[in-house]
$ cat structure_37.txt   # compact mmCIF, C-alpha atoms
# COMPACT_ATOMS: atom_id res chain seq x y z
CA MET A 1 -13.26 15.44 -9.10
CA ALA A 2 -10.75 13.19 -10.77
CA ASP A 3 -13.42 11.71 -13.01
CA GLU A 4 -13.69 14.88 -15.04
CA HIS A 5 -10.45 14.10 -16.83
CA LYS A 6 -11.44 10.61 -17.88
CA PRO A 7 -12.70 10.24 -21.45
CA ARG A 8 -16.45 9.79 -21.60
CA PRO A 9 -17.50 6.20 -22.37
CA ALA A 10 -18.74 5.71 -25.90
CA TYR A 11 -21.52 3.23 -26.67
CA THR A 12 -22.01 1.95 -30.17
CA ASN A 13 -24.19 -0.71 -31.69
CA ILE A 14 -22.23 -3.92 -32.13
CA HIS A 15 -21.98 -5.48 -35.53
CA VAL A 16 -23.22 -9.00 -36.31
CA SER A 17 -19.63 -10.22 -36.77
CA GLN A 18 -18.81 -8.93 -33.29
CA ILE A 19 -21.86 -10.67 -31.81
CA VAL A 20 -20.70 -13.98 -33.24
CA ALA A 21 -17.18 -13.52 -31.85
CA TYR A 22 -18.43 -12.41 -28.41
CA ARG A 23 -18.36 -15.21 -25.87
CA LEU A 24 -21.52 -14.89 -23.80
CA PRO A 25 -21.66 -16.02 -20.15
CA PRO A 26 -24.10 -18.93 -19.56
CA ALA A 27 -26.84 -16.56 -18.36
CA GLY A 28 -26.45 -14.66 -21.64
CA VAL A 29 -26.81 -17.89 -23.62
CA VAL A 30 -29.98 -18.74 -21.67
CA SER A 31 -31.31 -15.26 -22.36
CA ILE A 32 -30.80 -15.23 -26.13
CA LEU A 33 -32.07 -18.83 -26.40
CA HIS A 34 -35.16 -17.74 -24.42
CA ARG A 35 -35.86 -15.21 -27.14
CA ILE A 36 -35.03 -17.59 -30.01
CA SER A 37 -37.16 -20.41 -28.56
CA GLY A 38 -40.07 -18.00 -28.07
CA ALA A 39 -39.80 -16.72 -31.63
CA LEU A 40 -39.63 -20.30 -32.93
CA MET A 41 -42.81 -21.31 -31.11
CA PHE A 42 -44.54 -18.16 -32.34
CA VAL A 43 -43.64 -18.98 -35.96
CA LEU A 44 -44.69 -22.63 -35.57
CA LEU A 45 -47.94 -21.83 -33.73
CA PRO A 46 -50.18 -22.93 -36.66
CA LEU A 47 -48.42 -26.32 -36.64
CA VAL A 48 -49.22 -26.74 -32.94
CA VAL A 49 -52.87 -25.80 -33.46
CA TRP A 50 -53.04 -28.13 -36.47
CA LEU A 51 -51.62 -30.99 -34.37
CA LEU A 52 -54.22 -30.22 -31.70
CA ASP A 53 -56.92 -30.12 -34.37
CA VAL A 54 -56.15 -33.45 -36.08
CA SER A 55 -55.45 -35.24 -32.80
CA LEU A 56 -58.74 -34.15 -31.21
CA THR A 57 -61.37 -33.73 -33.90
CA SER A 58 -62.28 -37.37 -34.58
CA GLU A 59 -60.95 -40.89 -34.53
CA VAL A 60 -60.36 -40.65 -38.28
CA SER A 61 -58.34 -37.43 -37.96
CA TYR A 62 -56.47 -39.00 -35.04
CA GLU A 63 -55.36 -41.72 -37.45
CA ARG A 64 -54.07 -39.01 -39.81
CA PHE A 65 -52.25 -37.47 -36.85
CA SER A 66 -50.55 -40.78 -35.97
CA SER A 67 -49.71 -41.70 -39.54
CA ALA A 68 -48.14 -38.27 -40.16
CA PHE A 69 -45.39 -39.35 -37.74
CA ILE A 70 -44.99 -42.74 -39.43
CA ALA A 71 -45.64 -42.24 -43.14
CA GLY A 72 -45.46 -38.45 -43.41
CA ILE A 73 -48.21 -36.13 -44.55
CA GLY A 74 -48.58 -34.52 -47.96
CA VAL A 75 -45.14 -33.53 -49.21
CA VAL A 76 -43.69 -33.55 -45.68
CA PRO A 77 -41.82 -36.78 -44.83
CA ALA A 78 -42.22 -38.17 -41.30
CA PHE A 79 -38.62 -37.56 -40.25
CA LEU A 80 -38.89 -33.86 -41.14
CA LEU A 81 -42.08 -33.51 -39.12
CA LYS A 82 -40.37 -35.28 -36.22
CA LEU A 83 -37.36 -32.94 -36.45
CA VAL A 84 -39.62 -29.88 -36.37
CA VAL A 85 -41.58 -31.29 -33.43
CA LEU A 86 -38.28 -32.06 -31.70
CA ALA A 87 -37.29 -28.40 -32.15
CA LEU A 88 -40.66 -27.42 -30.69
CA ILE A 89 -40.12 -29.73 -27.71
CA TRP A 90 -36.73 -28.16 -27.02
CA ALA A 91 -38.11 -24.65 -27.49
CA PHE A 92 -40.97 -25.32 -25.10
CA LEU A 93 -38.75 -26.89 -22.43
CA HIS A 94 -36.08 -24.20 -22.64
CA HIS A 95 -38.64 -21.40 -22.63
CA LEU A 96 -40.50 -22.93 -19.68
CA ILE A 97 -37.43 -23.62 -17.55
CA ALA A 98 -35.80 -20.26 -18.37
CA GLY A 99 -39.13 -18.62 -17.52
CA VAL A 100 -39.37 -20.39 -14.17
CA ARG A 101 -35.78 -19.24 -13.53
CA HIS A 102 -36.90 -15.68 -14.20
CA LEU A 103 -39.88 -15.95 -11.87
CA TRP A 104 -37.70 -17.54 -9.20
CA MET A 105 -35.22 -14.65 -9.45
CA ASP A 106 -38.06 -12.10 -9.32
CA VAL A 107 -39.53 -13.69 -6.20
CA THR A 108 -36.37 -14.53 -4.24
CA HIS A 109 -34.04 -11.80 -5.55
CA SER A 110 -31.43 -14.54 -6.06
CA VAL A 111 -29.36 -12.54 -8.46
CA SER A 112 -25.75 -12.97 -7.38
CA LEU A 113 -23.20 -13.76 -10.06
CA GLN A 114 -22.71 -17.27 -8.75
CA GLN A 115 -26.45 -18.06 -8.43
CA GLY A 116 -27.09 -16.71 -11.90
CA ARG A 117 -24.35 -18.85 -13.37
CA ILE A 118 -25.47 -22.05 -11.62
CA SER A 119 -29.16 -21.59 -12.48
CA ALA A 120 -28.19 -20.83 -16.09
CA TRP A 121 -26.26 -24.09 -16.35
CA ILE A 122 -29.17 -25.96 -14.73
CA THR A 123 -31.55 -24.41 -17.28
CA LEU A 124 -29.37 -25.35 -20.26
CA GLY A 125 -28.62 -28.85 -18.95
CA SER A 126 -32.12 -29.84 -17.86
CA SER A 127 -33.80 -28.55 -21.03
CA ILE A 128 -31.38 -30.47 -23.25
CA ALA A 129 -31.60 -33.62 -21.12
CA LEU A 130 -35.42 -33.60 -21.15
CA THR A 131 -35.38 -32.91 -24.90
CA LEU A 132 -33.20 -35.97 -25.42
CA VAL A 133 -35.52 -38.14 -23.29
CA LEU A 134 -38.68 -36.99 -25.10
CA GLY A 135 -36.89 -36.94 -28.47
CA ALA A 136 -35.88 -40.59 -28.04
CA LYS A 137 -39.56 -41.38 -27.45
CA LEU A 138 -40.57 -39.34 -30.50
CA PHE A 139 -38.10 -41.21 -32.71
CA GLY A 140 -39.22 -44.55 -31.29
CA LEU A 141 -36.00 -45.47 -29.49
CA TYR A 142 -38.02 -46.88 -26.55
CA MET B 1 -48.42 20.18 -23.13
CA ALA B 2 -46.09 19.94 -20.15
CA SER B 3 -46.64 22.67 -17.59
CA SER B 4 -44.27 23.51 -14.75
CA ASN B 5 -45.95 21.21 -12.19
CA ASP B 6 -46.16 17.98 -14.22
CA THR B 7 -42.48 17.58 -15.04
CA PHE B 8 -41.49 15.93 -11.73
CA GLY B 9 -42.83 13.79 -8.87
CA SER B 10 -45.77 11.38 -8.90
CA LYS B 11 -47.90 13.74 -11.02
CA ARG B 12 -45.30 14.06 -13.76
CA LEU B 13 -46.37 13.59 -17.34
CA VAL B 14 -45.10 10.19 -18.44
CA VAL B 15 -44.26 10.30 -22.09
CA GLY B 16 -44.53 7.20 -24.25
CA ALA B 17 -47.22 4.59 -23.92
CA HIS B 18 -46.33 3.80 -20.24
CA TYR B 19 -47.14 0.14 -20.66
CA GLY B 20 -43.86 -1.11 -19.14
CA LEU B 21 -45.09 -2.44 -15.79
CA ARG B 22 -48.38 -3.73 -17.13
CA ASP B 23 -46.63 -5.73 -19.85
CA TRP B 24 -43.95 -6.99 -17.48
CA LEU B 25 -46.62 -8.18 -15.05
CA SER B 26 -48.98 -9.63 -17.66
CA GLN B 27 -46.12 -11.62 -19.20
CA ARG B 28 -45.34 -13.15 -15.80
CA VAL B 29 -48.94 -13.82 -14.81
CA THR B 30 -49.69 -15.51 -18.15
CA ALA B 31 -46.44 -17.49 -17.85
CA ALA B 32 -47.44 -18.73 -14.39
CA LEU B 33 -50.88 -19.77 -15.68
CA MET B 34 -49.35 -21.69 -18.60
CA THR B 35 -46.84 -23.42 -16.29
CA LEU B 36 -49.64 -24.48 -13.96
CA TYR B 37 -51.70 -25.73 -16.91
CA THR B 38 -48.71 -27.73 -18.18
CA LEU B 39 -48.42 -29.49 -14.83
CA VAL B 40 -52.17 -30.24 -14.75
CA LEU B 41 -51.99 -31.69 -18.27
CA ILE B 42 -48.90 -33.80 -17.48
CA VAL B 43 -50.62 -35.28 -14.43
CA GLN B 44 -53.61 -36.28 -16.56
CA LEU B 45 -51.38 -37.73 -19.26
CA ILE B 46 -49.30 -39.95 -16.99
CA ALA B 47 -52.21 -41.03 -14.77
CA GLY B 48 -54.30 -43.63 -16.53
CA PRO B 49 -54.12 -46.37 -19.12
CA LYS B 50 -52.41 -46.27 -22.52
CA LEU B 51 -53.02 -43.07 -24.42
CA GLY B 52 -55.20 -43.31 -27.52
CA TYR B 53 -57.85 -41.16 -29.17
CA VAL B 54 -60.56 -41.88 -26.61
CA ARG B 55 -58.52 -40.95 -23.55
CA TRP B 56 -56.77 -38.01 -25.29
CA SER B 57 -60.04 -36.43 -26.41
CA SER B 58 -61.80 -37.15 -23.12
CA ILE B 59 -59.14 -35.09 -21.31
CA PHE B 60 -60.12 -32.03 -23.33
CA SER B 61 -63.86 -32.63 -23.33
CA GLN B 62 -64.15 -32.27 -19.56
CA GLN B 63 -65.83 -28.91 -18.96
CA TRP B 64 -63.32 -27.66 -16.38
CA MET B 65 -60.43 -28.65 -18.69
CA ARG B 66 -62.04 -26.78 -21.57
CA PHE B 67 -62.37 -23.77 -19.28
CA ALA B 68 -58.67 -24.02 -18.32
CA THR B 69 -57.54 -24.63 -21.90
CA PHE B 70 -59.47 -21.62 -23.13
CA VAL B 71 -57.86 -19.41 -20.48
CA VAL B 72 -54.43 -20.74 -21.45
CA ILE B 73 -55.03 -20.12 -25.17
CA VAL B 74 -55.83 -16.49 -24.42
CA ALA B 75 -52.89 -16.26 -22.00
CA LEU B 76 -50.57 -17.67 -24.66
CA ALA B 77 -51.67 -15.14 -27.28
CA TRP B 78 -51.25 -12.26 -24.83
CA HIS B 79 -47.85 -13.56 -23.68
CA ALA B 80 -46.64 -14.05 -27.25
CA TRP B 81 -47.84 -10.58 -28.21
CA VAL B 82 -45.72 -8.95 -25.48
CA GLY B 83 -42.67 -11.07 -26.34
CA VAL B 84 -42.81 -10.77 -30.11
CA ARG B 85 -43.50 -7.05 -29.94
CA ASP B 86 -40.36 -6.74 -27.77
CA ILE B 87 -38.39 -8.45 -30.54
CA TRP B 88 -39.69 -6.03 -33.18
CA MET B 89 -39.01 -3.04 -30.93
CA ASP B 90 -35.42 -4.22 -30.30
CA TYR B 91 -34.36 -5.00 -33.85
CA ILE B 92 -36.66 -3.27 -36.32
CA LYS B 93 -36.07 0.45 -36.46
CA PRO B 94 -38.02 1.75 -39.52
CA VAL B 95 -41.45 2.69 -38.14
CA TRP B 96 -43.43 1.54 -41.19
CA LEU B 97 -41.78 -1.91 -41.14
CA ARG B 98 -42.17 -2.30 -37.37
CA LEU B 99 -45.83 -1.30 -37.53
CA SER B 100 -46.44 -3.74 -40.39
CA LEU B 101 -44.82 -6.58 -38.46
CA GLN B 102 -46.82 -5.71 -35.34
CA VAL B 103 -50.04 -5.78 -37.31
CA ALA B 104 -49.01 -9.11 -38.88
CA THR B 105 -48.26 -10.45 -35.38
CA ILE B 106 -51.74 -9.54 -34.16
CA VAL B 107 -53.32 -11.13 -37.24
CA TRP B 108 -51.25 -14.29 -36.71
CA LEU B 109 -52.10 -14.58 -33.01
CA VAL B 110 -55.81 -13.75 -33.35
CA GLY B 111 -56.13 -16.26 -36.20
CA CYS B 112 -54.39 -19.06 -34.30
CA THR B 113 -56.43 -18.27 -31.18
CA GLY B 114 -59.70 -18.51 -33.08
CA TRP B 115 -58.68 -21.79 -34.66
CA ALA B 116 -57.63 -23.30 -31.32
CA VAL B 117 -60.87 -22.20 -29.65
CA GLN B 118 -62.85 -23.74 -32.50
CA VAL B 119 -60.99 -27.05 -32.06
CA LEU B 120 -61.70 -26.98 -28.36
CA TRP B 121 -65.42 -26.23 -28.57
CA ARG B 122 -66.12 -28.66 -31.37
CA LEU B 123 -65.36 -31.57 -29.05
$ encode --input "structure_37.txt" --output "C-alpha cells"
Amino acid sequence: MADEHKPRPAYTNIHVSQIVAYRLPPAGVVSILHRISGALMFVLLPLVVWLLDVSLTSEVSYERFSSAFIAGIGVVPAFLLKLVVLALIWAFLHHLIAGVRHLWMDVTHSVSLQQGRISAWITLGSSIALTLVLGAKLFGLY
Amino acid sequence: MASSNDTFGSKRLVVGAHYGLRDWLSQRVTAALMTLYTLVLIVQLIAGPKLGYVRWSSIFSQQWMRFATFVVIVALAWHAWVGVRDIWMDYIKPVWLRLSLQVATIVWLVGCTGWAVQVLWRL
C-alpha cells in the first residue's frame, strides 16, 4: 500500500481574501449567482408583493404603480426603483434558468465536464441577454 | 439510544433531522410549479391587446388563475424557506444567531405570503 506514506490531505476553511482571488469555473459562477439571486429575491419579496398590491387593487392604485416608475414614489426616485426592479429581473431570470439547468441535469444525468461548462455559459449568457432586453423596455428605450 | 441492531442497514438510526431528501425534492417540485406558472402567465400577457389595469387585473381575477397563483405563492414560500435556511446553515455557525435568523426567515415568509394572498382574494 504505497498510499500509506503519502501525507494525509488537510482541509481548511478558505478565507474571504482567498475566495476573491480564486477563479471559479463557469459552473461555479452560475452556482454562487444562483444563491445570490435567490437571496436577493428573498430580501426584496415585500417589494414584489407591494408591486402586485398596487398594480392589482384598483384603477387608482394602478395609477400610483405606473407613476412610481415615472415620477418616483415617496422618497424613492423613479430611476432607483427601476434599478432595483432591473436587479430583480436579472435575479429572477438567472435563478429560473439556472434552476432549469439543475432539473435538466437531474433528469438526464448530463453531468460531463464539457456539458456542464456549455450549459453554464448558456445560463449566464441567456439570463444577461434577456435582462438587457427587458431592462431596455423598463427604461423606455423601445 | 442506539442498540446493536440499529447502527447499520435499512433499520439504522438516522441521526439529525433526516430532512435531506424531502427538502431536495420539495425544492425541485416547487421550482417546477413556479416555472410552469411563469409560462402560463407569459402566454396570457403576450396574447391579447395592450396591457392596462383592466386586462392586468382580469388575468388574476379568473378563478382558475387565482387557484394557480395561490398554489405558487405557497410554493414560493416553501422553496425560499429551504433555500434561505441552506444559506444560514452554510455560513452562520453560532446556534443562537442561526436560530434567530431562521425564525426571522419564517416570520418574513409567512408575512409576505399572507399579504400576497390578501391581494389576490380582494380582487
$ atom_distance --input "structure_37.txt" --atom1 "CA of Ser66 (chain A)" --atom2 "CA of Leu120 (chain B)"
19.3 Å
$ atom_distance --input "structure_37.txt" --atom1 "CA of Ala91 (chain A)" --atom2 "CA of Tyr53 (chain B)"
25.8 Å
$ atom_distance --input "structure_37.txt" --atom1 "CA of Asp106 (chain A)" --atom2 "CA of Ala68 (chain B)"
25.5 Å
$ closest_residue --input "structure_37.txt" --among "A:Ser55, A:Gln18, A:Ser119, A:Ser126" --to "chain B" --atoms "only C-alpha atoms"
A:Ser55
$ closest_atom_pairs --input "structure_37.txt" --of "chain B" --to "chain A" --cutoff "6 Å" --atoms "all atoms listed in the file" --output "CSV"
residue,atom,partner,partner_atom,distance
B:Ser57,CA,A:Leu56,CA,5.5
B:Ala116,CA,A:Val49,CA,5.8
B:Val119,CA,A:Asp53,CA,5.6
$ residues_around --input "structure_37.txt" --residues "region 39-46 of chain B" --least-positions-apart "3" --cutoff "12 Å" --atoms "all atoms listed in the file" --output "list in words"
Leu96 of chain A; Ala32, Leu33, Met34, Thr35, Leu36, Pro49, Lys50, Leu51, Gly52, Arg55, Trp56, Ser57, Ser58, Ile59, Phe60, Gln62, Trp64, Met65, Arg66, Ala68, Thr69 and Val72 of chain B
$ residues_around --input "structure_37.txt" --residues "Gln27 (chain B)" --least-positions-apart "2" --cutoff "12 Å" --atoms "all atoms listed in the file" --output "VMD selection string"
(chain A and resid 99 102 to 103) or (chain B and resid 19 to 25 29 to 34 75 to 86)
$ write_last_selection --input "structure_37.txt" --atoms "C-alpha atoms" --output "PDB file, keeping the file's coordinate frame"
ATOM      1  CA  GLY A  99     -39.130 -18.620 -17.520  1.00  0.00           C
ATOM      2  CA  HIS A 102     -36.900 -15.680 -14.200  1.00  0.00           C
ATOM      3  CA  LEU A 103     -39.880 -15.950 -11.870  1.00  0.00           C
TER       4      LEU A 103
ATOM      5  CA  TYR B  19     -47.140   0.140 -20.660  1.00  0.00           C
ATOM      6  CA  GLY B  20     -43.860  -1.110 -19.140  1.00  0.00           C
ATOM      7  CA  LEU B  21     -45.090  -2.440 -15.790  1.00  0.00           C
ATOM      8  CA  ARG B  22     -48.380  -3.730 -17.130  1.00  0.00           C
ATOM      9  CA  ASP B  23     -46.630  -5.730 -19.850  1.00  0.00           C
ATOM     10  CA  TRP B  24     -43.950  -6.990 -17.480  1.00  0.00           C
ATOM     11  CA  LEU B  25     -46.620  -8.180 -15.050  1.00  0.00           C
ATOM     12  CA  VAL B  29     -48.940 -13.820 -14.810  1.00  0.00           C
ATOM     13  CA  THR B  30     -49.690 -15.510 -18.150  1.00  0.00           C
ATOM     14  CA  ALA B  31     -46.440 -17.490 -17.850  1.00  0.00           C
ATOM     15  CA  ALA B  32     -47.440 -18.730 -14.390  1.00  0.00           C
ATOM     16  CA  LEU B  33     -50.880 -19.770 -15.680  1.00  0.00           C
ATOM     17  CA  MET B  34     -49.350 -21.690 -18.600  1.00  0.00           C
ATOM     18  CA  ALA B  75     -52.890 -16.260 -22.000  1.00  0.00           C
ATOM     19  CA  LEU B  76     -50.570 -17.670 -24.660  1.00  0.00           C
ATOM     20  CA  ALA B  77     -51.670 -15.140 -27.280  1.00  0.00           C
ATOM     21  CA  TRP B  78     -51.250 -12.260 -24.830  1.00  0.00           C
ATOM     22  CA  HIS B  79     -47.850 -13.560 -23.680  1.00  0.00           C
ATOM     23  CA  ALA B  80     -46.640 -14.050 -27.250  1.00  0.00           C
ATOM     24  CA  TRP B  81     -47.840 -10.580 -28.210  1.00  0.00           C
ATOM     25  CA  VAL B  82     -45.720  -8.950 -25.480  1.00  0.00           C
ATOM     26  CA  GLY B  83     -42.670 -11.070 -26.340  1.00  0.00           C
ATOM     27  CA  VAL B  84     -42.810 -10.770 -30.110  1.00  0.00           C
ATOM     28  CA  ARG B  85     -43.500  -7.050 -29.940  1.00  0.00           C
ATOM     29  CA  ASP B  86     -40.360  -6.740 -27.770  1.00  0.00           C
TER      30      ASP B  86
END
